[in-house]
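Participant: Before anything else, here's the structure in question.
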Amino acid sequence: MTTFHIQQFGCRATQADGAALERQLLDRGCTSTVDLPSANIVVLNTCTVTAAADAQAREAIRKIHAQNPTARLVVTGCYAQRAPEELAALPGVNWVVGNSHKPQIPALVDALATTQLPETSNNFYPAAALVSGASIPSHSLAVAGLAPPAVPHLANILTGDIFNHPEFLSAPIQGGESHHTRPILKIQDGCNNRCSFCVIPFVRGKSHSLPADSVIREIQKLTVAETFPSVSRSLEQALLPVTANLLQQPSQAREIVLSGINLGTYGRDLSPRIAFSDLIRRILDETPVERLRISSIEPLDVTQDLIELFAGTQRIAHHFHMPLQSASDRILAAMHRWYRSEHYARRVDLIHDRVPNAAIGADVITGFPGETESDHTATLAFIERHPFTYLHVFSYSPRPGTKAASLPDQVPAPTIKRRARALRALAEQKSSAFRQSQINRTLRVLTLHRAEHADTHTTPALSSNYLRVQVPGIFPANLWRDVVVTSEEGNYLIGEPASTRSASSVNSLLSVPSV
């Protein structure tokens with residue numbers, strides 16, 4: 001029996017690819033294991049968005065090889081697409097498979113399970129030999145190692161032009177070793193933009209979408225209970241504090257996250273075309289999903305129509321994540337971003353006006369080539385005066401093949417680190433201020449998985465506006481709780497059950513002596 005282990009890095013789109021691979025391998029009769037040393041085959045799914053992501057992947061390969069030297073190691077993902085030879089030279093790697101041929105990995109795993117591979121090889125393997133449902137003859141794999149190796153170790157490489165391989169690989173990310181309470185469904189992949197700092201279009205290809213009917217079917221499957229029937233919320237409230245240790249997580253998804261590389265371009269490649277906002281309307285009309293969350297979306301795709309859609313229902317999480325990257329118009333132009341700070345500010349102001357308690361998050365890159373202290377100060381000032389609730393701060397690192405990598409005036413590393421510290425400090429101030437603004441509000445939160453060895457009698461939960469809340473009591477994941485926020489503790493809010501707070505208020509009123 002073939003046992004496999006998939007180790008994931010990178011964004012939700014990469015993780016969705018890994019979930020699809022896991023589903024296909026399980027369908028072929030393979031067995032998934034969280035125990036790395038016991039796996040026959042290890043698939044490492046990589047990211048390459050930064051130099052740090054590349055280094056993390058290389059370190060993972062070294063650790064995997066040390067822990068399980070007999071495992072067949074297949075390295076795939078964005079790093080594998082960008083620099084396959086670089087990964088193929090690392091000890092322990094048997095195959096490097098780019099995103100262009102990631103759908104062929106299940107057939108490759110079939111072959112690896114039954115074939116003795118040579119110790120070294122320096123050949124690119126013919127992609128035509130890997131067809132859906134087919135296995136690779138043992139003699140074909142042996143032939144792949146006949147040529148003299150160019151270096152002491154070089155794995156087999158399977159990759160090609162990503163722009164000629166539009167296959168859509170996706171499955172919901174749910175459960176498993178990552179304990180996802182909220183399934184993540186990738187509905188779009190690739191990107192047609194050409195930001196000067198970004199390598200992702202060259203390793204993901206052009207924008208392509210999961211057909212709308214397929215999106216609806218996937219969400220319908222996720223929202224139908226299989227092993228735990230729906231019960232009323234009042235019954236949940238009454239029973240679960242007593243019986244939580246006897247119950248498992250309800251199997252139907254209550255919140256689903258839609259993700260993509262450039263999510264706002266969803267549907268533009270389909271025939272007939274469908275707007276992203278119209279897809280959301282179909283999901284709300286045709287599925288019973290209780291809460292839908294949208295992952296990162298480009299600012300120019302955050303239209304007034306989309307904002308009004310969010311404002312008009314509680315079934316869409318009040319959470320917007322819009323990459324900013326810089327608030328200096330000069331730097332935005334050099335980055336080849338399609339908006340300027342004024343355009344971005346209009347979106348933020350409209351969101352804050354129509355959905356006043358919404359989470360508003362952004363990605364920010366510091367240290368882009370040519371960024372001056374004045375540019376950095378402009379970004380800080382912009383963030384300070386707008387209602388951001390959190391930031392993801394990235395230190396710029398040149399990506400091979402991008403225009404920005406060859407620009408003059410590269411910013412020194414110490415300067416980048418100092419600017420990143422300033423941005424993160426400001427981000428924490430904004431996050432804390434937002435958490436403080438929620439005290440005494442009633443929030444509907446979804447319980448999440450508790451840490452395996454948690455020593456507190458609380459359960460983590462997530463609000464519509466992307467706040468982490470600790471709820472008193474031990475509950476299964478994937479349950480709704482209504483809580484009144486009482487205080488802030490670190491990066492969390494503390495929530496008291498709304499029913500308890502209401503009862504306390506009534507008792508307080510009843511105990512007031514008459515005059």
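If you're wondering about the labels, chains in the structure tokens are A, B, ... by order shown, residues count from 1 in each chain, ligands from 1 in order shown.
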What lies within 12 Å of A:Ala422 using only C-alpha atoms, ignoring chain neighbours under 6 positions off, as a ChimeraX atom specification?
Facilitator: /A:364,366,376-377,379-381,383-384,391,393,395,415-416,428-429
Participant: Deliver the residues from the most recent selection as a file, using N, CA, C and O atoms, as a PDB file, in the first residue's frame.
Facilitator:
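Output (part_36.pdb):
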ATOM      1  N   VAL A 364       1.463  45.237   1.976  1.00  0.00           N
ATOM      2  CA  VAL A 364       2.352  46.380   1.735  1.00  0.00           C
ATOM      3  C   VAL A 364       3.760  45.843   1.505  1.00  0.00           C
ATOM      4  O   VAL A 364       4.245  45.000   2.268  1.00  0.00           O
ATOM      5  N   THR A 366       7.677  46.927   1.313  1.00  0.00           N
ATOM      6  CA  THR A 366       8.615  47.993   1.646  1.00  0.00           C
ATOM      7  C   THR A 366       9.979  47.677   1.049  1.00  0.00           C
ATOM      8  O   THR A 366      10.379  46.513   0.969  1.00  0.00           O
ATOM      9  N   HIS A 376       8.351  56.180   1.644  1.00  0.00           N
ATOM     10  CA  HIS A 376       8.022  55.383   2.826  1.00  0.00           C
ATOM     11  C   HIS A 376       7.127  56.176   3.782  1.00  0.00           C
ATOM     12  O   HIS A 376       6.120  55.659   4.297  1.00  0.00           O
ATOM     13  N   THR A 377       7.453  57.453   3.986  1.00  0.00           N
ATOM     14  CA  THR A 377       6.651  58.306   4.864  1.00  0.00           C
ATOM     15  C   THR A 377       5.242  58.489   4.317  1.00  0.00           C
ATOM     16  O   THR A 377       4.261  58.515   5.073  1.00  0.00           O
ATOM     17  N   THR A 379       3.556  56.339   2.584  1.00  0.00           N
ATOM     18  CA  THR A 379       2.810  55.103   2.853  1.00  0.00           C
ATOM     19  C   THR A 379       2.369  55.046   4.315  1.00  0.00           C
ATOM     20  O   THR A 379       1.216  54.717   4.623  1.00  0.00           O
ATOM     21  N   LEU A 380       3.277  55.391   5.223  1.00  0.00           N
ATOM     22  CA  LEU A 380       2.915  55.415   6.645  1.00  0.00           C
ATOM     23  C   LEU A 380       1.762  56.385   6.910  1.00  0.00           C
ATOM     24  O   LEU A 380       0.810  56.057   7.630  1.00  0.00           O
ATOM     25  N   ALA A 381       1.850  57.576   6.323  1.00  0.00           N
ATOM     26  CA  ALA A 381       0.816  58.592   6.557  1.00  0.00           C
ATOM     27  C   ALA A 381      -0.531  58.147   5.993  1.00  0.00           C
ATOM     28  O   ALA A 381      -1.588  58.369   6.607  1.00  0.00           O
ATOM     29  N   ILE A 383      -1.623  55.038   5.598  1.00  0.00           N
ATOM     30  CA  ILE A 383      -2.164  53.988   6.468  1.00  0.00           C
ATOM     31  C   ILE A 383      -2.687  54.592   7.766  1.00  0.00           C
ATOM     32  O   ILE A 383      -3.743  54.207   8.275  1.00  0.00           O
ATOM     33  N   GLU A 384      -1.981  55.560   8.287  1.00  0.00           N
ATOM     34  CA  GLU A 384      -2.376  56.199   9.548  1.00  0.00           C
ATOM     35  C   GLU A 384      -3.746  56.860   9.437  1.00  0.00           C
ATOM     36  O   GLU A 384      -4.569  56.778  10.357  1.00  0.00           O
ATOM     37  N   LEU A 391      -2.399  44.668   8.553  1.00  0.00           N
ATOM     38  CA  LEU A 391      -1.516  44.721   7.379  1.00  0.00           C
ATOM     39  C   LEU A 391      -0.699  43.440   7.292  1.00  0.00           C
ATOM     40  O   LEU A 391      -0.330  42.857   8.311  1.00  0.00           O
ATOM     41  N   VAL A 393       2.908  42.858   5.919  1.00  0.00           N
ATOM     42  CA  VAL A 393       4.066  43.630   5.484  1.00  0.00           C
ATOM     43  C   VAL A 393       5.105  42.685   4.885  1.00  0.00           C
ATOM     44  O   VAL A 393       5.509  41.695   5.508  1.00  0.00           O
ATOM     45  N   SER A 395       8.931  42.477   3.015  1.00  0.00           N
ATOM     46  CA  SER A 395      10.197  43.114   2.643  1.00  0.00           C
ATOM     47  C   SER A 395      10.510  42.731   1.206  1.00  0.00           C
ATOM     48  O   SER A 395      10.522  41.536   0.866  1.00  0.00           O
ATOM     49  N   THR A 415      17.962  49.123   5.604  1.00  0.00           N
ATOM     50  CA  THR A 415      16.913  50.131   5.431  1.00  0.00           C
ATOM     51  C   THR A 415      15.554  49.454   5.282  1.00  0.00           C
ATOM     52  O   THR A 415      14.542  49.902   5.857  1.00  0.00           O
ATOM     53  N   ILE A 416      15.523  48.379   4.513  1.00  0.00           N
ATOM     54  CA  ILE A 416      14.267  47.643   4.335  1.00  0.00           C
ATOM     55  C   ILE A 416      13.769  47.122   5.681  1.00  0.00           C
ATOM     56  O   ILE A 416      12.574  47.232   6.009  1.00  0.00           O
ATOM     57  N   GLU A 428       0.167  47.144  14.124  1.00  0.00           N
ATOM     58  CA  GLU A 428      -0.301  46.664  15.424  1.00  0.00           C
ATOM     59  C   GLU A 428      -1.124  47.735  16.133  1.00  0.00           C
ATOM     60  O   GLU A 428      -2.124  47.430  16.781  1.00  0.00           O
ATOM     61  N   GLN A 429      -0.739  48.986  15.993  1.00  0.00           N
ATOM     62  CA  GLN A 429      -1.541  50.070  16.575  1.00  0.00           C
ATOM     63  C   GLN A 429      -2.937  50.103  15.959  1.00  0.00           C
ATOM     64  O   GLN A 429      -3.943  50.233  16.669  1.00  0.00           O
TER      65      GLN A 429
END
Participant: Which residues in stretch 246-429 of chain A does DSSP call helix (DSSP H, G or I)? List them as a ChimeraX atom specification.
Facilitator: /A:246,263-265,276-286,299-301,304-311,329-334,341-354,373-385,403-406,413-429
Participant: Using only C-alpha atoms, which of A:Arg424, A:Asn68, A:Leu73, A:Asn357 sits nearest A:Gln436?
Facilitator: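 Using only C-alpha atoms, the shortest distance to A:Gln436 belongs to A:Asn357.
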Participant: Could you name the residues that touch A:Leu21 at 10 Å or less, counting only C-alpha atoms, but leaving out those on the same chain fewer than 6 positions away, as a PyMOL selection string?
Facilitator: chain A and resi 6+15+27+43+102-106+169-171
Participant: Take atom CA of A:Ile256 and atom CA of A:Arg12 and report the distance between them in Å, one decimal.
Facilitator: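 Interatomic distance here is 12.7 Å.
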Participant: Using only C-alpha atoms, which residue out of A:Ala359, A:Leu462, A:Ile200, A:Ile274 lies closest to A:Gly401?
Facilitator: A:Ile200
Participant: Here is a test: counting only C-alpha atoms, which residue of A:Ala80, A:Gln220, A:Gly260, A:Leu493 is nearest to A:Pro288?
Facilitator: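 Smallest distance to A:Pro288 is found for A:Gln220.
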Participant: Smallest atom-to-atom distance to A:Leu443: which of A:Asn465, A:Ser38, A:Gln67, A:Asn262, using only C-alpha atoms?
Facilitator: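 Nearest to A:Leu443: A:Asn465.
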Participant: Find the spatial neighbours of A:Arg182, counting only C-alpha atoms, within a cut-off of 7 Å - ignore same-chain residues fewer than 4 positions away - and output them as a PyMOL selection string.
Facilitator: chain A and resi 174+253+255-257
Participant: Output N, CA, C and O atoms of each residue in that selection to a file, as a PDB file, in the first residue's frame.
Facilitator:
ATOM      1  N   GLN A 174      -9.938  21.450   3.421  1.00  0.00           N
ATOM      2  CA  GLN A 174     -10.779  21.236   4.594  1.00  0.00           C
ATOM      3  C   GLN A 174     -10.200  20.113   5.424  1.00  0.00           C
ATOM      4  O   GLN A 174      -9.549  19.205   4.916  1.00  0.00           O
ATOM      5  N   ALA A 253     -20.259  22.570   6.114  1.00  0.00           N
ATOM      6  CA  ALA A 253     -19.514  23.822   6.226  1.00  0.00           C
ATOM      7  C   ALA A 253     -20.465  24.968   6.511  1.00  0.00           C
ATOM      8  O   ALA A 253     -21.509  25.088   5.870  1.00  0.00           O
ATOM      9  N   GLU A 255     -19.011  28.276   7.099  1.00  0.00           N
ATOM     10  CA  GLU A 255     -18.354  29.385   6.405  1.00  0.00           C
ATOM     11  C   GLU A 255     -17.437  28.794   5.350  1.00  0.00           C
ATOM     12  O   GLU A 255     -16.700  27.850   5.618  1.00  0.00           O
ATOM     13  N   ILE A 256     -17.476  29.351   4.153  1.00  0.00           N
ATOM     14  CA  ILE A 256     -16.612  28.932   3.051  1.00  0.00           C
ATOM     15  C   ILE A 256     -15.856  30.150   2.555  1.00  0.00           C
ATOM     16  O   ILE A 256     -16.430  31.241   2.412  1.00  0.00           O
ATOM     17  N   VAL A 257     -14.564  29.966   2.304  1.00  0.00           N
ATOM     18  CA  VAL A 257     -13.702  31.051   1.828  1.00  0.00           C
ATOM     19  C   VAL A 257     -13.440  30.848   0.342  1.00  0.00           C
ATOM     20  O   VAL A 257     -12.998  29.778  -0.082  1.00  0.00           O
TER      21      VAL A 257
END
Participant: Nearest to A:Cys78: which of A:Pro91, A:Pro356, A:Pro37, A:Pro201 is it, counting only C-alpha atoms?
Facilitator: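 Among the listed residues, A:Pro201 lies closest to A:Cys78.
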